[in-house]
file model_10.txt (compact mmCIF, C-alpha atoms)
# COMPACT_ATOMS: atom_id res chain seq x y z
CA MET B 1 0.00 0.00 0.00
CA LYS B 2 2.87 2.31 0.72
CA LEU B 3 3.92 1.98 -2.91
CA LEU B 4 0.56 3.02 -4.28
CA LYS B 5 0.86 6.75 -3.75
CA PRO B 6 4.20 7.30 -5.54
CA LEU B 7 2.98 4.99 -8.26
CA LEU B 8 -0.13 7.09 -8.81
CA VAL B 9 1.95 10.27 -8.83
CA ALA B 10 4.30 8.74 -11.38
CA LEU B 11 1.37 7.69 -13.55
CA ALA B 12 -0.14 11.16 -13.38
CA LEU B 13 3.18 12.75 -14.34
CA ALA B 14 3.67 10.34 -17.22
CA GLY B 15 0.33 11.48 -18.60
CA ALA B 16 1.27 15.13 -18.18
CA GLY B 17 4.43 14.61 -20.18
CA ASN B 18 2.43 13.36 -23.13
CA ALA B 19 -0.04 16.19 -23.00
CA LEU B 20 2.52 19.00 -23.10
CA ALA B 21 4.92 19.63 -25.92
CA ILE B 22 8.01 21.75 -25.41
CA ASP B 23 6.25 24.95 -26.50
CA THR B 24 5.21 27.04 -23.55
CA GLN B 25 2.58 28.94 -25.51
CA PRO B 26 0.34 27.93 -28.34
CA ALA B 27 1.72 28.85 -31.75
CA PHE B 28 -1.67 29.95 -33.11
CA ASP B 29 -4.77 31.61 -31.71
CA ASP B 30 -6.91 29.72 -34.19
CA PRO B 31 -7.54 26.25 -32.67
CA ASN B 32 -7.69 24.63 -36.13
CA LEU B 33 -4.27 25.95 -37.11
CA GLN B 34 -2.91 25.05 -33.68
CA GLN B 35 -4.21 21.50 -34.14
CA ARG B 36 -2.52 21.23 -37.54
CA TYR B 37 0.71 22.62 -36.07
CA GLU B 38 0.64 20.06 -33.25
CA ASN B 39 -0.16 17.18 -35.58
CA ILE B 40 2.68 18.00 -37.96
CA THR B 41 5.31 18.67 -35.32
CA ARG B 42 4.41 15.34 -33.68
CA GLU B 43 5.08 13.49 -36.92
CA LEU B 44 8.51 14.97 -37.60
CA ARG B 45 11.66 13.53 -36.16
CA CYS B 46 14.19 15.73 -34.45
CA LEU B 47 17.40 14.65 -36.17
CA VAL B 48 19.69 15.80 -33.40
CA CYS B 49 18.00 13.63 -30.78
CA GLN B 50 16.54 10.98 -33.02
CA ASN B 51 14.00 9.41 -30.74
CA GLU B 52 12.12 12.63 -30.13
CA THR B 53 9.67 14.49 -32.30
CA ILE B 54 10.29 18.14 -33.00
CA ALA B 55 7.23 18.86 -30.83
CA ASP B 56 8.94 17.29 -27.82
CA SER B 57 12.57 18.20 -28.34
CA ASN B 58 14.27 21.19 -26.79
CA ALA B 59 17.18 20.98 -29.24
CA THR B 60 17.89 24.24 -31.05
CA LEU B 61 17.31 22.66 -34.45
CA ALA B 62 13.90 21.35 -33.33
CA GLY B 63 13.03 24.91 -32.30
CA ASP B 64 14.08 26.18 -35.73
CA LEU B 65 12.04 23.49 -37.46
CA ARG B 66 8.97 24.33 -35.35
CA ARG B 67 9.42 27.92 -36.47
CA GLU B 68 9.53 26.80 -40.12
CA VAL B 69 6.34 24.75 -39.64
CA ARG B 70 4.62 27.66 -37.90
CA GLU B 71 5.57 30.07 -40.68
CA MET B 72 4.51 27.69 -43.42
CA ILE B 73 1.12 27.11 -41.81
CA ALA B 74 0.70 30.85 -41.39
CA ALA B 75 1.62 31.29 -45.06
CA GLY B 76 -1.21 28.93 -46.02
CA ARG B 77 0.84 25.92 -47.12
CA THR B 78 -0.83 22.52 -46.92
CA ASP B 79 0.30 19.74 -44.59
CA ASP B 80 1.62 17.76 -47.54
CA GLU B 81 3.67 20.72 -48.74
CA ILE B 82 5.16 21.12 -45.28
CA ARG B 83 6.02 17.41 -45.09
CA GLN B 84 7.56 17.58 -48.56
CA PHE B 85 9.65 20.59 -47.47
CA MET B 86 11.11 18.48 -44.65
CA ILE B 87 11.63 15.38 -46.84
CA ASP B 88 13.45 17.44 -49.49
CA ARG B 89 15.93 18.58 -46.86
CA TYR B 90 16.23 15.72 -44.40
CA GLY B 91 14.99 12.69 -46.32
CA ASP B 92 12.31 10.16 -45.44
CA PHE B 93 13.92 9.56 -42.07
CA VAL B 94 12.41 12.82 -40.82
CA LEU B 95 8.93 11.25 -40.97
CA TYR B 96 7.79 9.15 -38.05
CA ARG B 97 5.15 7.62 -40.27
CA PRO B 98 7.19 6.41 -43.24
CA ARG B 99 5.87 6.62 -46.78
CA LEU B 100 5.75 3.70 -49.17
CA THR B 101 8.72 4.05 -51.50
CA ALA B 102 10.53 1.76 -53.94
CA ILE B 103 13.28 1.16 -51.38
CA ASN B 104 11.12 0.15 -48.45
CA PHE B 105 8.46 -1.63 -50.51
CA LEU B 106 9.59 -5.04 -49.26
CA LEU B 107 9.23 -3.88 -45.68
CA TRP B 108 5.62 -2.85 -46.26
CA ALA B 109 4.86 -5.99 -48.24
CA ALA B 110 6.61 -8.34 -45.80
CA PRO B 111 3.63 -8.97 -43.46
CA VAL B 112 1.35 -9.90 -46.36
CA LEU B 113 4.05 -11.98 -48.06
CA LEU B 114 4.83 -13.84 -44.84
CA LEU B 115 1.16 -14.45 -44.14
CA VAL B 116 0.49 -15.77 -47.64
CA GLY B 117 3.71 -17.83 -47.62
CA GLY B 118 2.89 -19.25 -44.19
CA ALA B 119 -0.67 -20.11 -45.20
CA PHE B 120 0.60 -21.79 -48.37
CA ALA B 121 3.14 -23.87 -46.41
CA ALA B 122 0.56 -24.75 -43.75
CA VAL B 123 -1.96 -25.92 -46.35
CA ARG B 124 0.68 -28.03 -48.07
CA VAL B 125 1.82 -29.68 -44.84
CA VAL B 126 -1.73 -30.39 -43.70
CA ARG B 127 -2.67 -31.85 -47.09
CA ARG B 128 0.40 -34.05 -47.21
CA ARG B 129 -0.16 -35.32 -43.69
CA ALA B 130 -3.78 -36.01 -44.46
CA ALA B 131 -2.75 -37.91 -47.59
CA GLU B 132 -0.14 -39.88 -45.68
CA ALA B 133 -2.66 -40.69 -42.98
CA ASP B 134 -5.04 -42.02 -45.64
CA ILE B 135 -2.47 -44.24 -47.26
CA ASP B 136 -0.74 -45.57 -44.17
CA PRO B 137 -3.06 -47.83 -42.23
CA ALA B 138 -0.75 -47.60 -39.16
CA GLY B 139 -1.89 -44.01 -38.56
CA PRO B 140 -0.29 -40.54 -38.60
CA GLU B 141 2.51 -41.40 -36.12
CA ALA B 142 3.94 -44.08 -38.31
CA GLY B 143 3.45 -41.98 -41.44
CA GLN B 144 5.92 -39.31 -40.35
CA SER B 145 9.35 -39.45 -41.84
CA MET R 146 16.79 -32.42 -47.06
CA TRP R 147 15.02 -29.23 -48.16
CA LYS R 148 13.44 -29.06 -44.73
CA PHE R 149 16.83 -28.11 -43.37
CA ILE R 150 18.31 -26.16 -46.26
CA VAL R 151 15.44 -23.69 -46.63
CA PRO R 152 15.21 -22.58 -42.96
CA PHE R 153 18.99 -22.53 -42.71
CA GLY R 154 19.19 -20.39 -45.85
CA LEU R 155 16.59 -18.00 -44.44
CA PHE R 156 18.54 -17.90 -41.19
CA LEU R 157 21.73 -16.99 -43.07
CA VAL R 158 19.96 -14.20 -45.00
CA LEU R 159 18.48 -12.79 -41.78
CA GLY R 160 21.84 -13.12 -40.05
CA ALA R 161 23.55 -11.24 -42.90
CA PHE R 162 21.00 -8.41 -42.67
CA LEU R 163 21.41 -8.15 -38.89
CA TYR R 164 25.20 -8.31 -39.17
CA VAL R 165 25.25 -5.45 -41.70
CA GLY R 166 22.83 -3.58 -39.44
CA LEU R 167 25.29 -3.85 -36.57
CA GLN R 168 28.02 -2.12 -38.60
CA ARG R 169 25.87 0.82 -39.59
CA ASP R 170 25.78 4.04 -37.62
CA PRO R 171 22.14 4.66 -36.70
CA SER R 172 22.78 8.37 -36.19
CA TYR R 173 23.95 8.77 -39.81
CA VAL R 174 21.23 10.21 -42.01
CA PRO R 175 21.96 10.10 -45.75
CA SER R 176 21.41 13.46 -47.38
CA PRO R 177 18.67 13.67 -49.99
CA LEU R 178 20.63 16.58 -51.49
CA ILE R 179 23.35 14.42 -53.07
CA GLY R 180 23.00 14.67 -56.84
CA LYS R 181 20.64 17.63 -56.58
CA PRO R 182 21.30 21.33 -57.14
CA ALA R 183 22.79 22.96 -54.07
CA PRO R 184 20.32 25.21 -52.23
CA GLN R 185 20.95 28.86 -53.06
CA PHE R 186 21.79 31.35 -50.36
CA THR R 187 22.83 34.95 -49.94
CA LEU R 188 23.96 35.81 -46.43
CA PRO R 189 25.95 38.59 -44.80
CA SER R 190 29.66 37.97 -44.41
CA LEU R 191 30.66 37.15 -40.85
CA GLN R 192 33.47 39.70 -40.81
CA ASP R 193 31.62 42.55 -42.51
CA ALA R 194 27.84 42.51 -42.79
CA SER R 195 27.94 45.04 -45.65
CA TYR R 196 29.37 42.29 -47.86
CA SER R 197 27.28 39.31 -48.79
CA VAL R 198 28.34 35.74 -49.47
CA ALA R 199 26.24 34.26 -52.28
CA SER R 200 26.29 30.67 -53.49
CA LYS R 201 25.68 31.74 -57.09
CA ASP R 202 29.03 33.56 -57.16
CA LEU R 203 30.76 30.21 -56.69
CA LYS R 204 29.34 28.54 -59.76
CA GLY R 205 31.81 27.35 -62.38
CA GLN R 206 34.20 25.64 -59.98
CA PRO R 207 33.97 22.93 -57.34
CA TRP R 208 33.69 24.34 -53.82
CA VAL R 209 33.28 23.14 -50.26
CA LEU R 210 30.77 24.33 -47.68
CA ASN R 211 31.70 23.70 -44.06
CA VAL R 212 29.02 24.23 -41.40
CA TRP R 213 30.47 25.26 -38.05
CA GLY R 214 29.86 27.15 -34.85
CA THR R 215 31.93 28.08 -31.82
CA TRP R 216 29.47 26.10 -29.66
CA CYS R 217 30.35 22.92 -31.50
CA GLY R 218 33.08 20.70 -30.06
CA GLY R 219 33.66 18.73 -33.24
CA CYS R 220 34.30 22.00 -35.10
CA ARG R 221 37.14 22.84 -32.72
CA GLN R 222 38.48 19.37 -33.32
CA GLU R 223 38.48 19.66 -37.13
CA HIS R 224 39.64 23.27 -37.35
CA GLU R 225 43.33 22.46 -37.60
CA THR R 226 42.60 20.07 -40.47
CA LEU R 227 40.58 22.73 -42.26
CA VAL R 228 43.46 25.18 -41.95
CA ALA R 229 45.81 22.57 -43.43
CA ILE R 230 43.34 21.82 -46.25
CA SER R 231 42.96 25.51 -47.08
CA LYS R 232 46.72 25.77 -47.52
CA MET R 233 46.52 23.14 -50.25
CA ASN R 234 44.44 25.60 -52.31
CA ALA R 235 42.47 22.80 -53.93
CA VAL R 236 39.03 24.43 -53.77
CA PRO R 237 37.47 27.48 -52.15
CA LEU R 238 36.38 26.59 -48.62
CA ILE R 239 33.25 28.49 -47.65
CA GLY R 240 32.21 28.58 -44.01
CA LEU R 241 28.60 28.61 -42.87
CA ASN R 242 28.61 29.98 -39.36
CA TRP R 243 25.50 28.35 -37.90
CA LYS R 244 23.49 30.05 -35.15
CA ASP R 245 26.51 31.56 -33.52
CA ASP R 246 27.59 34.70 -31.75
CA ASN R 247 29.27 37.01 -34.25
CA GLY R 248 31.96 38.23 -31.83
CA ALA R 249 32.82 34.75 -30.60
CA ALA R 250 33.01 33.45 -34.19
CA GLN R 251 35.34 36.24 -35.31
CA GLN R 252 37.55 35.74 -32.27
CA TRP R 253 37.69 31.99 -33.00
CA LEU R 254 39.00 32.70 -36.50
CA ARG R 255 41.55 35.21 -35.21
CA GLU R 256 42.86 32.79 -32.60
CA LEU R 257 42.78 29.52 -34.52
CA GLY R 258 43.41 30.80 -38.03
CA ASN R 259 40.91 31.36 -40.82
CA PRO R 260 40.75 28.57 -43.39
CA TYR R 261 37.75 30.05 -45.20
CA ALA R 262 37.71 32.03 -48.42
CA ALA R 263 34.49 33.55 -47.06
CA VAL R 264 32.23 32.93 -44.09
CA ALA R 265 28.46 33.36 -44.36
CA GLU R 266 26.65 34.14 -41.14
CA ASP R 267 23.47 32.10 -40.70
CA ARG R 268 22.24 33.61 -37.47
CA GLU R 269 18.69 32.27 -37.77
CA GLY R 270 19.65 28.84 -39.06
CA ARG R 271 17.43 29.06 -42.14
CA VAL R 272 20.11 28.29 -44.71
CA ALA R 273 21.26 25.36 -42.56
CA ILE R 274 17.72 23.95 -42.74
CA ASP R 275 17.70 24.37 -46.53
CA TRP R 276 20.88 22.31 -46.65
CA GLY R 277 19.42 19.66 -44.34
CA VAL R 278 22.04 20.30 -41.68
CA TYR R 279 21.30 18.57 -38.39
CA GLY R 280 24.60 18.48 -36.55
CA ALA R 281 27.74 20.51 -37.03
CA PRO R 282 30.32 19.99 -38.26
CA GLU R 283 29.02 19.02 -41.68
CA THR R 284 30.98 19.46 -44.90
CA PHE R 285 29.49 19.50 -48.40
CA LEU R 286 31.27 19.21 -51.74
CA ILE R 287 29.57 21.08 -54.57
CA GLY R 288 30.50 20.53 -58.19
CA ALA R 289 31.22 23.19 -60.78
CA ASP R 290 27.69 22.72 -62.12
CA GLY R 291 26.23 23.53 -58.68
CA ILE R 292 25.26 19.93 -57.90
CA VAL R 293 25.92 18.59 -54.39
CA MET R 294 28.41 15.75 -54.84
CA TYR R 295 29.17 14.59 -51.32
CA LYS R 296 28.41 15.26 -47.68
CA HIS R 297 30.55 14.40 -44.70
CA ILE R 298 28.92 14.48 -41.26
CA ALA R 299 31.53 14.50 -38.49
CA PRO R 300 34.78 16.37 -37.94
CA MET R 301 36.86 16.55 -41.11
CA THR R 302 40.05 14.53 -41.09
CA MET R 303 42.91 14.51 -43.58
CA GLU R 304 42.07 10.88 -44.33
CA VAL R 305 38.46 11.72 -45.26
CA TRP R 306 39.65 14.65 -47.31
CA GLN R 307 42.15 12.56 -49.29
CA LYS R 308 39.84 9.58 -49.68
CA GLU R 309 36.43 11.15 -50.29
CA PHE R 310 36.90 14.77 -51.34
CA MET R 311 40.07 14.97 -53.44
CA PRO R 312 39.19 12.16 -55.90
CA ARG R 313 35.76 13.74 -56.50
CA ILE R 314 37.27 17.19 -56.96
CA GLU R 315 39.82 15.84 -59.42
CA ALA R 316 37.16 13.88 -61.28
CA ALA R 317 34.95 16.99 -61.47
CA ARG R 318 37.87 19.00 -62.84
CA ALA R 319 38.75 16.31 -65.37
CA GLY R 320 35.12 15.93 -66.45
CA LYS R 321 34.79 19.66 -66.93
CA GLY R 322 38.04 19.78 -68.89
CA SER R 323 36.93 17.12 -71.35
CA LYS R 324 33.60 18.83 -72.01
CA THR R 325 34.97 22.27 -72.82
call {"tool": "encode", "arguments": {"input": "model_10.txt", "output": "C-alpha cells"}}
result
Amino acid sequence: MKLLKPLLVALALAGAGNALAIDTQPAFDDPNLQQRYENITRELRCLVCQNETIADSNATLAGDLRREVREMIAAGRTDDEIRQFMIDRYGDFVLYRPRLTAINFLLWAAPVLLLVGGAFAAVRVVRRRAAEADIDPAGPEAGQS
Amino acid sequence: MWKFIVPFGLFLVLGAFLYVGLQRDPSYVPSPLIGKPAPQFTLPSLQDASYSVASKDLKGQPWVLNVWGTWCGGCRQEHETLVAISKMNAVPLIGLNWKDDNGAAQQWLRELGNPYAAVAEDREGRVAIDWGVYGAPETFLIGADGIVMYKHIAPMTMEVWQKEFMPRIEAARAGKGSKT
C-alpha cells in the first residue's frame, strides 16, 4: 500500500508529459491551425535527438524546425507541402510515419508476403499429412518421416 | 533435405542483414541533397555585414561548404585540419557559421586561423535547414555545375579529405576539362 501513492503520482506525471509539448505557448490563436501545427510537429523527427519528435525536443534545431512549420502554416501551405519541405531537406527519415517508396516496398509488403507464404506452407503440410494418414493404415505417427 | 536447407538459408539471410545492421551508424542520415542542385543562399559575411556571401558567385568551380559554430566541439576538433586543407588551395572553402555569436566566431577565426575564403553568417539557421544540416560539423562538396556531390557528417580529417573529397574534386575538374 505504501507503494501506491508514488505509483499514482508517477502515472499522473507520465500522462502530463504526453499532453505538453516543449512549446510554452500555443503557436496559433486559431484552434484549427494550432491542431494542424501540433499534428505535424508530432510526426517529424528531431534529427539531433533521433528518438524525439520536434514537438517534444528542446534541441535548437527542433526549435528552428517548429518555427519553419509555424511560418509555413501561417503562409497557407498545406500539410503535404510542409512534409515535402522536410523530406526534401532531411529525407524520409524525418517522418515518423514512413511513406511507401521503392526502397522500403519489401518492408511494407513483408507482413502480407509472410502471411500468404505461411498459409501456403501450412496448407501443403496439412494436405500431405492427411494424404499420408489415408495411405498408411498404421496411422499418422507411423506416417511421419 | 530441403526441410533443413530452406530454414537454414533464411537464417543466413536474416543473419547477414542483422550483421550489416550492426556495422551501420544509426545516427547517420543520408542526405537527400546528393546529386541535386545545391540550395541557393545569400547571407551577410561574418566579418563585414555590408558584404554578402552568395552561393551563385561560386558557380563554375567545385567548392566546399563547411558548417560550423563556436558552440560545436567537433568544429574545434576539425579546425586544424581545415586550416591545413585551405593551404593546399584545392578548392574554395566556404564557411557557414551556424546560429553563432558574431563576436565569438570572429575571435575563433583570429585565434585559430581562418581557413575560409568567405564565411556566411546564418544567425537564424534558415540556410542550414535548406541544406538539411542537423549536426555541425558538416561538410558538403559542390561541383562546378552547382550539384551537391558529397556530404561528410563528423569532424573533417585529412584521411576523409584525401579519400572522399580529393578524388571527386579531381574527377569533377577532369570531367569539366573534357567537355569544354
call {"tool": "interface_residues", "arguments": {"input": "model_10.txt", "of": "chain R", "to": "chain B", "cutoff": "9 Å", "atoms": "all atoms listed in the file", "output": "list of chain:residue names"}}
result
R:Ser172, R:Val174, R:Pro175, R:Ser176, R:Pro177, R:Leu178, R:Glu269, R:Gly270, R:Arg271, R:Ile274, R:Asp275, R:Trp276, R:Gly277, R:Val278, R:Tyr279, R:Gly280
call {"tool": "residues_around", "arguments": {"input": "model_10.txt", "residues": "range 179-190 of chain R", "least_positions_apart": "5", "cutoff": "7 Å", "atoms": "all atoms listed in the file", "output": "VMD selection string"}}
result
chain R and resid 195 to 201 264 to 267 272 275 to 276 291 to 295
call {"tool": "atom_distance", "arguments": {"input": "model_10.txt", "atom1": "CA of Phe285 in chain R", "atom2": "CA of Arg221 in chain R"}}
result
17.8 Å
call {"tool": "closest_residue", "arguments": {"input": "model_10.txt", "among": "R:Glu223, R:Glu315, R:Glu256, R:Asp246", "to": "Pro282 in chain R", "atoms": "only C-alpha atoms"}}
result
R:Glu223
call {"tool": "residues_around", "arguments": {"input": "model_10.txt", "residues": "Ala263 in chain R", "least_positions_apart": "5", "cutoff": "9 Å", "atoms": "all atoms listed in the file", "output": "ChimeraX atom specification"}}
result
/R:190-192,198,237-241
call {"tool": "atom_distance", "arguments": {"input": "model_10.txt", "atom1": "CA of Pro207 in chain R", "atom2": "CA of Val305 in chain R"}}
result
17.1 Å
call {"tool": "residues_around", "arguments": {"input": "model_10.txt", "residues": "Asn39 in chain B", "least_positions_apart": "6", "cutoff": "10 Å", "atoms": "all atoms listed in the file", "output": "PyMOL selection string"}}
result
chain B and resi 33+55+79
call {"tool": "atom_distance", "arguments": {"input": "model_10.txt", "atom1": "CA of Cys220 in chain R", "atom2": "CA of Leu44 in chain B"}}
result
26.8 Å
call {"tool": "closest_residue", "arguments": {"input": "model_10.txt", "among": "R:Trp253, R:Trp208, R:Phe156, R:Trp306", "to": "Leu286 in chain R", "atoms": "only C-alpha atoms"}}
result
R:Trp208
call {"tool": "closest_residue", "arguments": {"input": "model_10.txt", "among": "B:Gly63, B:Arg36, B:Asn104, B:Ala131", "to": "Arg77 in chain B", "atoms": "all atoms listed in the file"}}
result
B:Arg36
